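> My questions all concern the structure below.
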Amino acid sequence: MTRGYSLEQDLKLLINNPKYSDLEILCENEKKLYGCRAILAARSEVFDRLLYNGMKEKMTFSTPEYEVFRYSAILAAKQVSNDAYTTLMKLLPTLEQMQMDNSVQVKNKFITDHQNVAKELKPLVEFIDFKRIKGQILTDVIDPLEIIPSKIILNVYRDIVRSNNSNLNYIRGIPTMYVWDEKECICSSENFNYKSWAGGQSTGWVLGSSGNCFNSGTSIGYCSSFKDGTKITVHLDMNKRTCAFTVNGIKYPEVSGWNNLPSKLYPVVSLKFPGLLRIQTHQKI
């Protein structure tokens with residue numbers, strides 16, 4: 001096709017094309033991706049700040065591999081038709097939506113022009129590491145869409161069976177660790193009821209002064225009891241969705257059973273009158 005007749009086709013020439021690139025992105029696996037500064041900045045506030053607004057510090061990015069696939073598939077569907085785009089938006093929930101509804105599945109849903117969607121998606125598939133997507137999501141959500149070659153899905157299943165690698169990180173990029181320093185600690189997600197005891201709620205994860213951890217009314221023995229003057233550090237690993245605590249300088253392991261925390265958590269502190277709280281900036285030693 002002669003250039004100049006289709007903006008959509010012309011812009012496709014810019015995708016990962018070193019000839020027209022003015023930016024290189026070096027991935028964790030040493031693979032290079034080529035991009036255009038202006039387009040990245042126009043499409044992303046993060047890149048806009050990084051490339052044009054004087055942000056000098058080094059930035060790291062971490063994205064669940066499923067979200068990489070989801071964005072790529074929806075982008076491909078949008079190139080095919082509005083109907084295909086609308087359908088995929090419904091059939092590919094975000095990870096947060098999956099956590100809210102554990103029964104999310106693709107049940108005999110027909111995607112208009114699914115072969116054309118697969119064709120549009122094909123150039124992006126090589127950049128997606130499907131081994132970093134949980135097996136249940138592959139089985140219940142991705143495979144039934146029939147937009148990924150069956151050979152790729154089959155190879156992933158084989159790798160899962162052969163390696164049995166439970167330590168595989170489902171998030172690409174450099175892991176991020178959040179740390180809060182509190183006196184007595186509670187993590188809460190959205191829909192948290194501040195008028196009720198946090199440990200009895202499904203949206204509250206509590207380390208109590210008894211040394212027990214609480215969630216949904218269930219108690220787990222975790223550490224020795226503590227009193228006034230105790231310093232507690234909360235370690236949230238949002239890659240593995242786990243939580244651990246340091247109590248008075250002693251680092252304890254991740255709380256068993258807390259291995260699928262929500263993507264959004266907030267620090268909450270519970271005190272009894274006349275309790276006092278001091279929040280300090282965490283400093284790594």
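Ordered as shown in the structure tokens, chains take letters A, B, and onward, while each chain numbers its residues from 1 and ligands are numbered from 1 in the order shown.
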Please identify all polymer residues within 12 Å of Leu145 of chain A, counting only C-alpha atoms, omitting same-chain residues fewer than 3 positions from it, and present them as an mmCIF file with N, CA and C atoms, in the first residue's frame.


data_model
loop_
_atom_site.group_PDB
_atom_site.id
_atom_site.type_symbol
_atom_site.label_atom_id
_atom_site.label_comp_id
_atom_site.auth_asym_id
_atom_site.auth_seq_id
_atom_site.Cartn_x
_atom_site.Cartn_y
_atom_site.Cartn_z
ATOM 1 N N ARG A 70 -2.829 -8.573 28.138
ATOM 2 C CA ARG A 70 -4.166 -7.977 28.042
ATOM 3 C C ARG A 70 -4.135 -6.698 27.211
ATOM 4 N N ALA A 73 -3.503 -7.563 23.512
ATOM 5 C CA ALA A 73 -4.650 -8.182 22.853
ATOM 6 C C ALA A 73 -5.747 -7.157 22.570
ATOM 7 N N ALA A 77 -7.189 -6.020 18.967
ATOM 8 C CA ALA A 77 -8.619 -6.093 18.648
ATOM 9 C C ALA A 77 -9.153 -4.750 18.157
ATOM 10 N N ALA A 84 -14.910 -6.375 17.986
ATOM 11 C CA ALA A 84 -13.876 -7.233 18.571
ATOM 12 C C ALA A 84 -13.269 -6.572 19.804
ATOM 13 N N THR A 87 -15.763 -6.750 22.735
ATOM 14 C CA THR A 87 -15.862 -8.117 23.252
ATOM 15 C C THR A 87 -14.659 -8.480 24.110
ATOM 16 N N LEU A 88 -13.460 -8.152 23.634
ATOM 17 C CA LEU A 88 -12.254 -8.493 24.397
ATOM 18 C C LEU A 88 -12.162 -7.704 25.695
ATOM 19 N N LYS A 90 -14.532 -7.091 27.585
ATOM 20 C CA LYS A 90 -15.377 -7.815 28.536
ATOM 21 C C LYS A 90 -14.758 -9.148 28.945
ATOM 22 N N LEU A 91 -14.060 -9.787 27.998
ATOM 23 C CA LEU A 91 -13.543 -11.133 28.252
ATOM 24 C C LEU A 91 -12.168 -11.147 28.910
ATOM 25 N N LEU A 92 -11.488 -9.996 28.930
ATOM 26 C CA LEU A 92 -10.166 -9.933 29.550
ATOM 27 C C LEU A 92 -10.209 -8.989 30.747
ATOM 28 N N GLN A 105 -14.254 -16.551 34.034
ATOM 29 C CA GLN A 105 -13.862 -17.513 33.015
ATOM 30 C C GLN A 105 -14.436 -17.084 31.677
ATOM 31 N N VAL A 106 -13.809 -17.541 30.602
ATOM 32 C CA VAL A 106 -14.361 -17.341 29.270
ATOM 33 C C VAL A 106 -15.160 -18.588 28.929
ATOM 34 N N LYS A 107 -16.468 -18.458 28.845
ATOM 35 C CA LYS A 107 -17.322 -19.622 28.638
ATOM 36 C C LYS A 107 -17.994 -19.537 27.268
ATOM 37 N N ASN A 108 -17.344 -20.190 26.286
ATOM 38 C CA ASN A 108 -17.911 -20.291 24.943
ATOM 39 C C ASN A 108 -18.315 -18.932 24.373
ATOM 40 N N LYS A 109 -17.502 -17.925 24.636
ATOM 41 C CA LYS A 109 -17.764 -16.601 24.096
ATOM 42 C C LYS A 109 -17.112 -16.488 22.719
ATOM 43 N N PHE A 110 -17.896 -16.096 21.744
ATOM 44 C CA PHE A 110 -17.374 -15.982 20.387
ATOM 45 C C PHE A 110 -16.841 -14.579 20.155
ATOM 46 N N ILE A 111 -15.597 -14.498 19.678
ATOM 47 C CA ILE A 111 -14.980 -13.218 19.378
ATOM 48 C C ILE A 111 -15.087 -12.967 17.882
ATOM 49 N N THR A 112 -15.718 -11.884 17.536
ATOM 50 C CA THR A 112 -15.830 -11.530 16.131
ATOM 51 C C THR A 112 -14.444 -11.349 15.525
ATOM 52 N N ASP A 113 -14.222 -11.984 14.382
ATOM 53 C CA ASP A 113 -12.940 -11.862 13.675
ATOM 54 C C ASP A 113 -11.757 -12.276 14.551
ATOM 55 N N HIS A 114 -11.911 -13.348 15.328
ATOM 56 C CA HIS A 114 -10.821 -13.731 16.229
ATOM 57 C C HIS A 114 -9.553 -14.096 15.457
ATOM 58 N N GLN A 115 -9.703 -14.588 14.225
ATOM 59 C CA GLN A 115 -8.519 -14.905 13.422
ATOM 60 C C GLN A 115 -7.769 -13.634 13.032
ATOM 61 N N VAL A 117 -7.848 -10.868 14.789
ATOM 62 C CA VAL A 117 -7.244 -10.381 16.033
ATOM 63 C C VAL A 117 -5.926 -11.106 16.279
ATOM 64 N N ALA A 118 -5.936 -12.422 16.072
ATOM 65 C CA ALA A 118 -4.714 -13.210 16.243
ATOM 66 C C ALA A 118 -3.620 -12.745 15.284
ATOM 67 N N ILE A 137 -5.046 -18.761 34.774
ATOM 68 C CA ILE A 137 -5.450 -17.690 33.867
ATOM 69 C C ILE A 137 -5.284 -18.138 32.420
ATOM 70 N N LEU A 138 -4.205 -18.862 32.142
ATOM 71 C CA LEU A 138 -4.012 -19.393 30.793
ATOM 72 C C LEU A 138 -5.164 -20.314 30.401
ATOM 73 N N THR A 139 -5.548 -21.184 31.341
ATOM 74 C CA THR A 139 -6.579 -22.184 31.058
ATOM 75 C C THR A 139 -7.970 -21.575 30.967
ATOM 76 N N ASP A 140 -8.307 -20.709 31.929
ATOM 77 C CA ASP A 140 -9.679 -20.209 32.041
ATOM 78 C C ASP A 140 -9.959 -18.966 31.207
ATOM 79 N N VAL A 141 -8.924 -18.169 30.939
ATOM 80 C CA VAL A 141 -9.160 -16.871 30.304
ATOM 81 C C VAL A 141 -8.546 -16.772 28.908
ATOM 82 N N ILE A 142 -7.256 -17.101 28.784
ATOM 83 C CA ILE A 142 -6.548 -16.833 27.528
ATOM 84 C C ILE A 142 -6.789 -17.909 26.471
ATOM 85 N N ILE A 148 -4.206 -16.909 20.572
ATOM 86 C CA ILE A 148 -2.802 -17.259 20.752
ATOM 87 C C ILE A 148 -2.588 -18.643 20.143
ATOM 88 N N PRO A 149 -1.543 -18.828 19.333
ATOM 89 C CA PRO A 149 -1.297 -20.142 18.728
ATOM 90 C C PRO A 149 -1.286 -21.248 19.782
ATOM 91 N N SER A 150 -1.975 -22.333 19.479
ATOM 92 C CA SER A 150 -2.085 -23.435 20.438
ATOM 93 C C SER A 150 -0.723 -24.014 20.792
ATOM 94 N N ILE A 153 0.683 -22.088 23.794
ATOM 95 C CA ILE A 153 0.001 -22.468 25.035
ATOM 96 C C ILE A 153 0.451 -23.852 25.482
#

> Quick one: residues within 10 Å of segment 155-161 of chain A, only C-alpha atoms, excluding same-chain residues fewer than 3 positions away - as a VMD selection string?

chain A and resid 129 to 135 138 to 139 150 to 152 164 to 166

> Run DSSP on the backbone and give me the residues of segment 205-274 of chain A it puts in strand (DSSP E), as an MDAnalysis selection string.

chainID A and resid 205:207 212:215 218:221 232:237 242:247 250:251 266:268

> Rounded to one decimal place, report the atom CA of Ile15 of chain A-atom CA of Tyr34 of chain A distance in Å.

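Spanning atom CA of Ile15 of chain A to atom CA of Tyr34 of chain A is a straight-line distance of 7.5 Å.
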
> Nearest residue to Thr86 of chain A out of A:Met100, A:Leu265, A:Ile74, A:Val234, using only C-alpha atoms?

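For Thr86 of chain A, the nearest of the given residues is A:Ile74.
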
> Could you work out how far atom CA of His235 of chain A lies from atom CA of Ser210 of chain A, giving the answer in Å with one decimal?

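It comes out at 19.1 Å.
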
> Check the smallest atom-to-atom distance from each of A:Glu96, A:Glu24, A:Asp83, A:Asp48 to Pro64 of chain A using only C-alpha atoms, then report the winner.

A:Glu96

> Provide the atom CA of Thr203 of chain A to atom CA of Tyr71 of chain A distance in Å, to one decimal place.

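Atom CA of Tyr71 of chain A lies 28.0 Å from atom CA of Thr203 of chain A.
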
> From the list A:Glu30, A:Asp228, A:Glu45, A:Asp237, which residue is nearest Lys264 of chain A when using only C-alpha atoms?

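With only C-alpha atoms as the atom set, the closest residue is A:Asp237.
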